[in-house]
Each structure stands twice: as structure tokens, then as C-alpha cells.
Amino acid sequence: MRWLTLLLALGLVAAPRLRGETNRHAGPQEGSAPVISEALAAQVMLDRVGFSPGEIDGQQGANLKRALAAFQTSRHLPPTGALDDATWKELQQNTEGARPLVSYVVTPADIAGPFTPDIPADLMEQSKLGALSYRTPLEALAERFHSSPMLLTSLNPDVMFGTVGASLTVPNVEGAPAPPAANVTVIVSKATGALTVQDESHHVIFHAPVTSGSQHDPLPLGTWKINGVQQNPTFNYNPALFWDANPSHSKARIAPGPNNPVGTVWIDISKEHYGIHGTPEPSKIGHAESHGCVRLTNWDAQRVAAMVKPGTAVIFR
């Protein structure tokens, strides 16, 4: 009941039914308001205040716990990573009662494309494509609302996502205030599996899960600097830089697009061949290894790109 009281206070009146964590995989019933879990509401609120849980999926996973702990630390609360009353109240105050779910109507622009339905996993085959766009309108809409396609589907059963005028229920992530651009420091921590942006007073103003390095390609620890930001980058594939590359591969150019290996943005740093960038696989962020670079979801990488400039310090530790 305490969760229902808090969620109603967030503006979820007369509307979403609260779904307990034990059956959070169940979809909404026809003719009823969407079911909201505690985890889903927390993920949306954290995203809005700049403590990203990565891909919003309604699950009580490691990325959500990390985001909660980072938010709690920033608000001088015990960093338990748990959805306790004090944390909910602090989230409510910081989101000003914004509803976790809102309505959205599919527009002609949403389905205009172009789309790239068939994207091979092999990078040499990818290099033959003219673009690596979204595969479907559903994938594009899911990324726009920082969510997994499965979550959007469960919130909108029987909806045709490629239909203009279709009414959707989506996470309320648009319109969230962006952290101020200032003299900031970017820190990537192996211990927490996260990237944080700190202001001049060392306050964390942004947090997001990352995938960074592996046993074969460890994160290059040390202090570096931002060289610049490239939007919608082309990926210049050099198999000599990948320990697991197919021996038959050669250098190749892979066209831009959100499903490009580095996603929608490349933040170049002073360590040669390394950068901070997006990804075509947001569901893997925080759960897999990389080839040494720092990967975020495309939307989180874009938020970082908006806060940095040439010369911004980057600390890998």
C-alpha cells in the first residue's frame, strides 16, 4: 500500500493499476489502464533526473540498482539501491510529480524511415549497406522513449506501431530537463560499471550504465581529454584492432545510423582509437564487455555529448 500511495502522489490517479514485483511480466488487460510496476516507475523517474537506468524495461535489474544507489548518494541517502520510502519521496520532489507513463500518437515522421530491416551481424557484410537505420518503426519508437521494444509492446498490446494515428502509452522521458553544460569532468569507473559527469563542485549531475573494456581489451586507466564530438559517425572498421576479428576481414567503412557499431554519436578522446559512444544494442549496456571503448545507450551518449567540449577531462579508473 505504501507504493500505491506514493505512486498516486506522483499523479497516477484514477489510472495505472500497480503491479507487484512478483508478476511484473504480466501485460495490461484489455480495456484497462496500463499496469505500472515499482521498477518501471522508478526507471522513468531516474531517467528524468539524469540518473539513467539504461534501457527502460520494467525490470528490477542491476542497472536500476546502480542508478538508485548513485541517486541516493547524490541526495545524502544510504546508497542501498533499494526502492525505499525516502528515495521515492526524493524522486517525487525532483520530478515534480511527472507521470511515469503518458500518451503518444504515432506521426507520419515516425514511420517515414528509411528503415534497414535486415542488418547482418558480420561487419564486412554491414559495410555493404548504404545506411544502418532503425529496423522498424517499433525499434525507432522504443529508442525515442528510452525503452525496450518488449516493454512498448507489453504496454500497447495489439497496437500497430507502423500506423499513423495509433495511440501509444510510453515512458515519460521526453521534456526532462538536461543537465547544465559547464566545466565538467567525465568519470568512468570499472568498479561501478557506470559513467558519471561531475560539475566543478564534484557533484554528480549525470549517471549512466556503461559497457567498458574486457580481459582482452581493458579500459585504459588514466586521465584523458575530449578531442571533439561527431554526430551520426561513420565507423572505420580495422580488424587489426579487434582481438576476435575474423582473419578474412579487411579494413572497411560502415555507414552511419543508429545501428552503426558506435551508434549515433562518437565522443573522441586523447587516447588513440578510444572513445565514448552509442550502441546498436541498448539492452546489453551494463551487461556485456566491449573492445575497450566506453559504450552507452544512444540517448545517454547524446546527453554526455551535450555536456562536454574539447579539453573536458575524462578519467578512467
# chains A, B, ... in the order shown; residues from 1 in each chain; ligands from 1
call {"tool": "closest_atom_pairs", "arguments": {"of": "segment 167-238 of chain A", "to": "segment 87-106 of chain A", "cutoff": "10 Å", "atoms": "only C-alpha atoms", "output": "CSV"}}
result
residue,atom,partner,partner_atom,distance
A:Ser167,CA,A:Val105,CA,4.5
A:Leu168,CA,A:Tyr104,CA,5.0
A:Thr169,CA,A:Ser103,CA,4.7
A:Val170,CA,A:Leu101,CA,5.5
A:Pro171,CA,A:Leu101,CA,4.7
A:Asn172,CA,A:Leu101,CA,5.1
A:Val173,CA,A:Pro100,CA,8.0
A:Glu174,CA,A:Val102,CA,9.9
A:Ala176,CA,A:Thr95,CA,8.6
A:Pro177,CA,A:Thr95,CA,9.7
call {"tool": "residues_around", "arguments": {"residues": "Thr223 of chain A", "least_positions_apart": "6", "cutoff": "9 Å", "atoms": "only C-alpha atoms", "output": "list in words"}}
result
Ala313, Val314, Ile315, Phe316 and Arg317 of chain A
call {"tool": "select_by_dssp", "arguments": {"residues": "segment 88-233 of chain A", "states": "helix (DSSP H, G or I)", "output": "ChimeraX atom specification"}}
result
/A:88-95,108-111,123-126,137-144,149-155
call {"tool": "select_by_dssp", "arguments": {"residues": "segment 109-308 of chain A", "states": "strand (DSSP E)", "output": "count of residues only"}}
result
49
call {"tool": "closest_residue", "arguments": {"among": "A:Ala306, A:Leu77, A:Ile205, A:Ile254", "to": "Asn236 of chain A", "atoms": "only C-alpha atoms"}}
result
A:Ile254
call {"tool": "residues_around", "arguments": {"residues": "Gln72 of chain A", "least_positions_apart": "6", "cutoff": "8 Å", "atoms": "only C-alpha atoms", "output": "list in words"}}
result
Pro78, Pro79, Thr80, Gly81 and Thr87 of chain A
call {"tool": "closest_residue", "arguments": {"among": "A:Pro209, A:Gly50, A:Gly165, A:Gly222", "to": "Ile111 of chain A", "atoms": "only C-alpha atoms"}}
result
A:Gly165
call {"tool": "residues_around", "arguments": {"residues": "Leu123 of chain A", "least_positions_apart": "3", "cutoff": "12 Å", "atoms": "only C-alpha atoms", "output": "PyMOL selection string"}}
result
chain A and resi 119-120+126-129+132+235-239+242+245-246+248-255+259-261
call {"tool": "atom_distance", "arguments": {"atom1": "atom CA of His76 of chain A", "atom2": "atom CA of Val204 of chain A"}}
result
11.9 Å
call {"tool": "closest_atom_pairs", "arguments": {"of": "segment 134-156 of chain A", "to": "segment 54-57 of chain A", "cutoff": "6 Å", "atoms": "only C-alpha atoms", "output": "Markdown table"}}
result
| residue | atom | partner | partner_atom | distance |
| --- | --- | --- | --- | --- |
| A:His146 | CA | A:Glu55 | CA | 5.7 |
| A:Ser147 | CA | A:Ile56 | CA | 4.3 |
| A:Ser148 | CA | A:Asp57 | CA | 5.6 |
| A:Leu151 | CA | A:Asp57 | CA | 5.5 |
call {"tool": "residues_around", "arguments": {"residues": "segment 265-274 of chain A", "least_positions_apart": "3", "cutoff": "7 Å", "atoms": "only C-alpha atoms", "output": "list in words"}}
result
Trp224, Lys225, Ile226, Asn227, Gly228, Val229, Gln230, Gln231, Asn232, Pro233, Val262, His277, Gly278, Cys293, Ala301, Gln302 and Ala305 of chain A
call {"tool": "closest_residue", "arguments": {"among": "A:Val159, A:Ala62, A:Ile276, A:Leu83", "to": "Ala41 of chain A", "atoms": "only C-alpha atoms"}}
result
A:Leu83
